[in-house]
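Data block below; observations after.
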Amino acid sequence: MTPEAVDAVIRGLKRAGVSIVCYLPDSLFKELYPALDADPDLRTIPVTNEGEGAAICGGVFLSGKRAVLVMENSGLRASVEPLARMGLGAGIPVVMLMSYRGDLGENNWWAIPHGITMEPVLQALRIPYRVVREEAAIENAIADAYASAYASYYHAAVALGGSIVR
Amino acid sequence: MSVEPETSGRPMTRYACMQRLAARLRDELVILSLGGSVDEWYNAAPHMRAASLFQQQLGCVTPQAFGLAAGLPHRRIVSLDTDGGLLFNLGILATLGNERPENLFVVVWDNQCYQSIGGPPTHTARGRVDLAAIARGAGLEHAYTVHDLDGFERHCAEGLAAQAPYLVVAKVAGTVEPGIRRKHSDGREDKYIFVRHVEASEGVTIMGPSEHN
């Protein structure tokens, strides 16, 4: 990611009132994680798997603070169980920011499943999402995800792909 | 000494432990697991009903409690987890070991079975898997196993006052307290009750009005 794209993500998170970031690091967002760690207004919590991160974010929601789960889109698959339970069972929302591995142009064989499964999994869970491939659209997409999540009390997701992460 | 001696006679019940813990709670917030412990806590701690979130998911209880603890660092949070629930996501112990919340007390009801589906054994049933030892290995210095009520209550007192993450594994019988009242609400209603309680007690808005009515 370019420094400008990293800044746009952090601007979007701050505009949405986020103060806690749960993440499991990945390669496409590798420039983002140290920037999140270094930001004095954000508390970062590295987790052992994305489902754990989703549950922690759910707990943060219950406190009145705002959290985000940052991950590669493969982490969505690891999060499905807690997302289904919290979102569909209790109305506890989690906002996710994921890198779009397996997008058109992917040149790693192991990443192809991520592209095949991401949007169908989001759709199966009825999670509103936006795929963003232009840096100029990052900040608004993040703010919009929070607006939706805090109106529906359901999850929302932003996937960053294209030239933003390649 | 991390593992306290097993007392002779019948094993302690989860319900009796809950009564001891409930008597010590006032302003804390509680997140608890699914199954028989839901109705037991509903009855053992009637003054904590609005302050307790009844969740229906293995592996999410302590992570949610930690998220709540991270968001409300001035408030004591209690996680009432289970052997099956903790085994579902042992990674949270490593996260707690690194993050070191000063306001989180974790109780693990270890009845050595998946009680809510009729009692097939969990991995702790064979006596080899030691959840407190796993927790200590993950960096939680305060992680203990108890077999008796007085020992449990002593750890409640210490855990509720600790300035570091504190975990106690309570070895309890695989029975449910008979004759107790069932909780009627579902997860969605429970969430609203809990959130409104947090809003009122913290003076914050979590689920506020829409832009237009």
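Chain lettering (A, B, ...) mirrors the order of the structure tokens, residue numbering begins at 1 for each chain separately, and ligand numbering begins at 1 in order of display.
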
Run DSSP on the backbone and give me the residues of chain A it puts in helix (DSSP H, G or I), as number ranges by chain.
A: 3-15, 32-38, 50-63, 74-90, 109-124, 135-152, 162-164

Counting only C-alpha atoms, which residues in chain A sit no more than 10 Å from chain B? For each one, give the nearest pair of atoms and the distance in Å, sorted by chain then residue number, as a Markdown table.
```
| residue | atom | partner | partner_atom | distance |
| --- | --- | --- | --- | --- |
| A:Ser19 | CA | B:Gly71 | CA | 8.9 |
| A:Ile20 | CA | B:Gly71 | CA | 8.1 |
| A:Cys22 | CA | B:Gly67 | CA | 9.6 |
| A:Arg43 | CA | B:Ala70 | CA | 9.1 |
| A:Thr44 | CA | B:Glu99 | CA | 9.8 |
| A:Ile45 | CA | B:Glu99 | CA | 7.4 |
| A:Pro46 | CA | B:Thr95 | CA | 7.4 |
| A:Val47 | CA | B:Thr95 | CA | 6.0 |
| A:Thr48 | CA | B:Gly91 | CA | 5.5 |
| A:Asn49 | CA | B:Gly91 | CA | 7.4 |
| A:Gly51 | CA | B:Cys60 | CA | 8.4 |
| A:Glu52 | CA | B:Pro63 | CA | 6.2 |
| A:Gly53 | CA | B:Pro63 | CA | 7.7 |
| A:Ala54 | CA | B:Pro63 | CA | 8.5 |
| A:Ala55 | CA | B:Gln64 | CA | 5.1 |
| A:Ile56 | CA | B:Gly67 | CA | 4.3 |
| A:Cys57 | CA | B:Gly67 | CA | 6.0 |
| A:Gly58 | CA | B:Gln64 | CA | 6.0 |
| A:Gly59 | CA | B:Gln64 | CA | 4.0 |
| A:Val60 | CA | B:Gly67 | CA | 4.5 |
| A:Phe61 | CA | B:Leu68 | CA | 7.6 |
| A:Leu62 | CA | B:Val195 | CA | 6.2 |
| A:Ser63 | CA | B:Gly71 | CA | 5.2 |
| A:Gly64 | CA | B:Ile206 | CA | 4.8 |
| A:Lys65 | CA | B:Gly71 | CA | 5.7 |
| A:Arg66 | CA | B:Gly71 | CA | 8.4 |
| A:Ala67 | CA | B:Gly67 | CA | 9.1 |
| A:Glu81 | CA | B:Gln57 | CA | 8.5 |
| A:Pro82 | CA | B:Cys60 | CA | 6.8 |
| A:Ala84 | CA | B:Gln57 | CA | 9.8 |
| A:Arg85 | CA | B:Gln57 | CA | 6.6 |
| A:Met86 | CA | B:Gln57 | CA | 8.4 |
| A:Gly87 | CA | B:Arg188 | CA | 9.4 |
| A:Leu88 | CA | B:Arg188 | CA | 8.7 |
| A:Gly89 | CA | B:Gly187 | CA | 5.8 |
| A:Ala90 | CA | B:Arg188 | CA | 4.0 |
| A:Gly91 | CA | B:Arg188 | CA | 6.0 |
| A:Ile92 | CA | B:Lys191 | CA | 7.6 |
| A:Ala147 | CA | B:Ser210 | CA | 9.9 |
| A:Tyr150 | CA | B:Met207 | CA | 7.4 |
| A:Ala151 | CA | B:Ser210 | CA | 6.7 |
| A:Ser152 | CA | B:Ser210 | CA | 10.0 |
| A:Tyr153 | CA | B:Met207 | CA | 8.4 |
```

Output as an mmCIF file with N, CA and C atoms, in the first residue's frame all residues of chain A that backbone DSSP marks as strand (DSSP E).
```
data_model
loop_
_atom_site.group_PDB
_atom_site.id
_atom_site.type_symbol
_atom_site.label_atom_id
_atom_site.label_comp_id
_atom_site.auth_asym_id
_atom_site.auth_seq_id
_atom_site.Cartn_x
_atom_site.Cartn_y
_atom_site.Cartn_z
ATOM 1 N N VAL A 18 -13.457 5.094 15.406
ATOM 2 C CA VAL A 18 -12.813 3.844 15.836
ATOM 3 C C VAL A 18 -11.643 4.150 16.773
ATOM 4 N N SER A 19 -11.562 3.395 17.862
ATOM 5 C CA SER A 19 -10.428 3.556 18.774
ATOM 6 C C SER A 19 -9.705 2.230 19.049
ATOM 7 N N ILE A 20 -10.291 1.114 18.648
ATOM 8 C CA ILE A 20 -9.662 -0.196 18.881
ATOM 9 C C ILE A 20 -9.619 -0.978 17.567
ATOM 10 N N VAL A 21 -8.440 -1.486 17.233
ATOM 11 C CA VAL A 21 -8.239 -2.237 15.990
ATOM 12 C C VAL A 21 -7.770 -3.638 16.340
ATOM 13 N N CYS A 22 -8.547 -4.649 15.953
ATOM 14 C CA CYS A 22 -8.103 -6.045 16.069
ATOM 15 C C CYS A 22 -7.589 -6.485 14.707
ATOM 16 N N TYR A 23 -6.447 -7.122 14.683
ATOM 17 C CA TYR A 23 -5.959 -7.562 13.377
ATOM 18 C C TYR A 23 -5.166 -8.848 13.473
ATOM 19 N N ARG A 43 -5.798 1.815 19.676
ATOM 20 C CA ARG A 43 -5.222 0.673 20.381
ATOM 21 C C ARG A 43 -5.324 -0.528 19.452
ATOM 22 N N THR A 44 -4.204 -1.141 19.160
ATOM 23 C CA THR A 44 -4.220 -2.327 18.313
ATOM 24 C C THR A 44 -4.126 -3.585 19.173
ATOM 25 N N ILE A 45 -4.894 -4.606 18.785
ATOM 26 C CA ILE A 45 -4.894 -5.892 19.476
ATOM 27 C C ILE A 45 -4.651 -6.986 18.439
ATOM 28 N N PRO A 46 -3.409 -7.449 18.315
ATOM 29 C CA PRO A 46 -3.169 -8.593 17.420
ATOM 30 C C PRO A 46 -3.839 -9.846 17.993
ATOM 31 N N ARG A 66 -15.782 1.925 19.524
ATOM 32 C CA ARG A 66 -15.896 1.371 18.171
ATOM 33 C C ARG A 66 -14.612 0.640 17.779
ATOM 34 N N ALA A 67 -14.808 -0.512 17.183
ATOM 35 C CA ALA A 67 -13.674 -1.362 16.804
ATOM 36 C C ALA A 67 -13.751 -1.688 15.329
ATOM 37 N N VAL A 68 -12.621 -2.129 14.791
ATOM 38 C CA VAL A 68 -12.581 -2.650 13.427
ATOM 39 C C VAL A 68 -11.751 -3.933 13.428
ATOM 40 N N LEU A 69 -12.126 -4.858 12.569
ATOM 41 C CA LEU A 69 -11.357 -6.085 12.358
ATOM 42 C C LEU A 69 -10.659 -5.974 11.015
ATOM 43 N N VAL A 70 -9.335 -5.956 11.049
ATOM 44 C CA VAL A 70 -8.533 -5.800 9.825
ATOM 45 C C VAL A 70 -7.860 -7.131 9.533
ATOM 46 N N MET A 71 -7.929 -7.565 8.260
ATOM 47 C CA MET A 71 -7.437 -8.908 7.931
ATOM 48 C C MET A 71 -7.375 -9.102 6.420
ATOM 49 N N GLU A 72 -6.739 -10.184 6.013
ATOM 50 C CA GLU A 72 -6.882 -10.662 4.643
ATOM 51 C C GLU A 72 -8.288 -11.257 4.477
ATOM 52 N N VAL A 95 -17.503 -4.489 12.130
ATOM 53 C CA VAL A 95 -17.099 -3.869 10.875
ATOM 54 C C VAL A 95 -15.726 -4.413 10.496
ATOM 55 N N MET A 96 -15.625 -4.861 9.240
ATOM 56 C CA MET A 96 -14.400 -5.512 8.774
ATOM 57 C C MET A 96 -13.757 -4.739 7.628
ATOM 58 N N LEU A 97 -12.446 -4.664 7.675
ATOM 59 C CA LEU A 97 -11.668 -4.116 6.570
ATOM 60 C C LEU A 97 -10.716 -5.221 6.128
ATOM 61 N N MET A 98 -10.888 -5.680 4.884
ATOM 62 C CA MET A 98 -10.082 -6.822 4.449
ATOM 63 C C MET A 98 -9.373 -6.542 3.126
ATOM 64 N N SER A 99 -8.203 -7.128 2.996
ATOM 65 C CA SER A 99 -7.511 -7.051 1.713
ATOM 66 C C SER A 99 -8.117 -8.084 0.776
ATOM 67 N N TYR A 129 -21.426 -4.872 1.728
ATOM 68 C CA TYR A 129 -19.990 -4.656 1.555
ATOM 69 C C TYR A 129 -19.741 -3.817 0.314
ATOM 70 N N ARG A 130 -18.533 -3.276 0.271
ATOM 71 C CA ARG A 130 -18.098 -2.542 -0.913
ATOM 72 C C ARG A 130 -16.671 -2.952 -1.238
ATOM 73 N N VAL A 131 -16.423 -3.254 -2.499
ATOM 74 C CA VAL A 131 -15.056 -3.498 -2.961
ATOM 75 C C VAL A 131 -14.513 -2.170 -3.480
ATOM 76 N N VAL A 132 -13.412 -1.734 -2.909
ATOM 77 C CA VAL A 132 -12.825 -0.444 -3.262
ATOM 78 C C VAL A 132 -11.490 -0.687 -3.968
ATOM 79 N N ALA A 156 -20.774 -5.056 8.546
ATOM 80 C CA ALA A 156 -20.519 -4.406 7.266
ATOM 81 C C ALA A 156 -19.043 -4.622 6.944
ATOM 82 N N ALA A 157 -18.727 -4.584 5.648
ATOM 83 C CA ALA A 157 -17.354 -4.906 5.258
ATOM 84 C C ALA A 157 -16.895 -4.011 4.107
ATOM 85 N N VAL A 158 -15.601 -3.709 4.125
ATOM 86 C CA VAL A 158 -14.944 -3.024 3.017
ATOM 87 C C VAL A 158 -13.760 -3.889 2.608
ATOM 88 N N ALA A 159 -13.686 -4.214 1.319
ATOM 89 C CA ALA A 159 -12.551 -4.972 0.785
ATOM 90 C C ALA A 159 -11.737 -4.044 -0.101
ATOM 91 N N LEU A 160 -10.441 -3.957 0.165
ATOM 92 C CA LEU A 160 -9.560 -3.113 -0.637
ATOM 93 C C LEU A 160 -8.815 -3.987 -1.638
#
```

Measure the distance from CA of Thr117 in chain A to CA of Ile142 in chain A in Å and round it to one decimal.
21.8 Å

At a cut-off of 6 Å, using only C-alpha atoms, what residues contact range 100-104 of chain B? Leave out same-chain residues fewer than 5 positions from it and give the result as a PyMOL selection string.
chain B and resi 76-78+163-165

Take the residues from that selection and write them out as a CSV table (one decimal), in the first residue's frame, keeping C-alpha atoms.
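Written output follows (out_0.csv):
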```
chain,number,residue,atom,x,y,z
B,76,ARG,CA,-14.5,-5.1,36.2
B,77,ILE,CA,-15.6,-7.6,33.6
B,78,VAL,CA,-16.3,-11.2,34.4
B,163,GLN,CA,-4.6,-5.9,38.5
B,164,ALA,CA,-3.8,-8.6,36.0
B,165,PRO,CA,-5.8,-11.2,34.0
```

Find the spatial neighbours of His123 in chain B, counting only C-alpha atoms, within a cut-off of 9 Å - ignore same-chain residues fewer than 2 positions away - and output them as a PyMOL selection string.
chain B and resi 83-84+87+112-113+121+125-129

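Residue nearest Asn107 in chain A, chosen from A:Ala8, A:Pro40, A:Ala78, A:Arg166 and counting only C-alpha atoms: A:Arg166.
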
Within 12 Å of Val165 in chain A, counting only C-alpha atoms, which residues show up once you throw out same-chain ones fewer than 6 positions away? Write them as a PyMOL selection string, please.
chain A and resi 1-6+26-32+72+98-103+105-106+132-135+138+159

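Between CA of Gly85 in chain B and CA of Gly119 in chain B there is a distance of 14.3 Å.
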
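The closest residue to Phe105 in chain B, picked from B:Leu32, B:Cys156, B:Ile134, B:Ala173 and counting only C-alpha atoms, is B:Cys156.
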
Can you pull out the residues contacting Ser37 in chain B? Cut-off 10 Å, using only C-alpha atoms, and skip same-chain residues under 5 positions away; I want them as an MDAnalysis selection string.
chainID B and resid 14:15 18 32 42:44 54 80:82 109 115:116 176:177

Atomic distance CA of Ala16 in chain B - CA of Val172 in chain B, expressed in Å with one decimal
9.6 Å
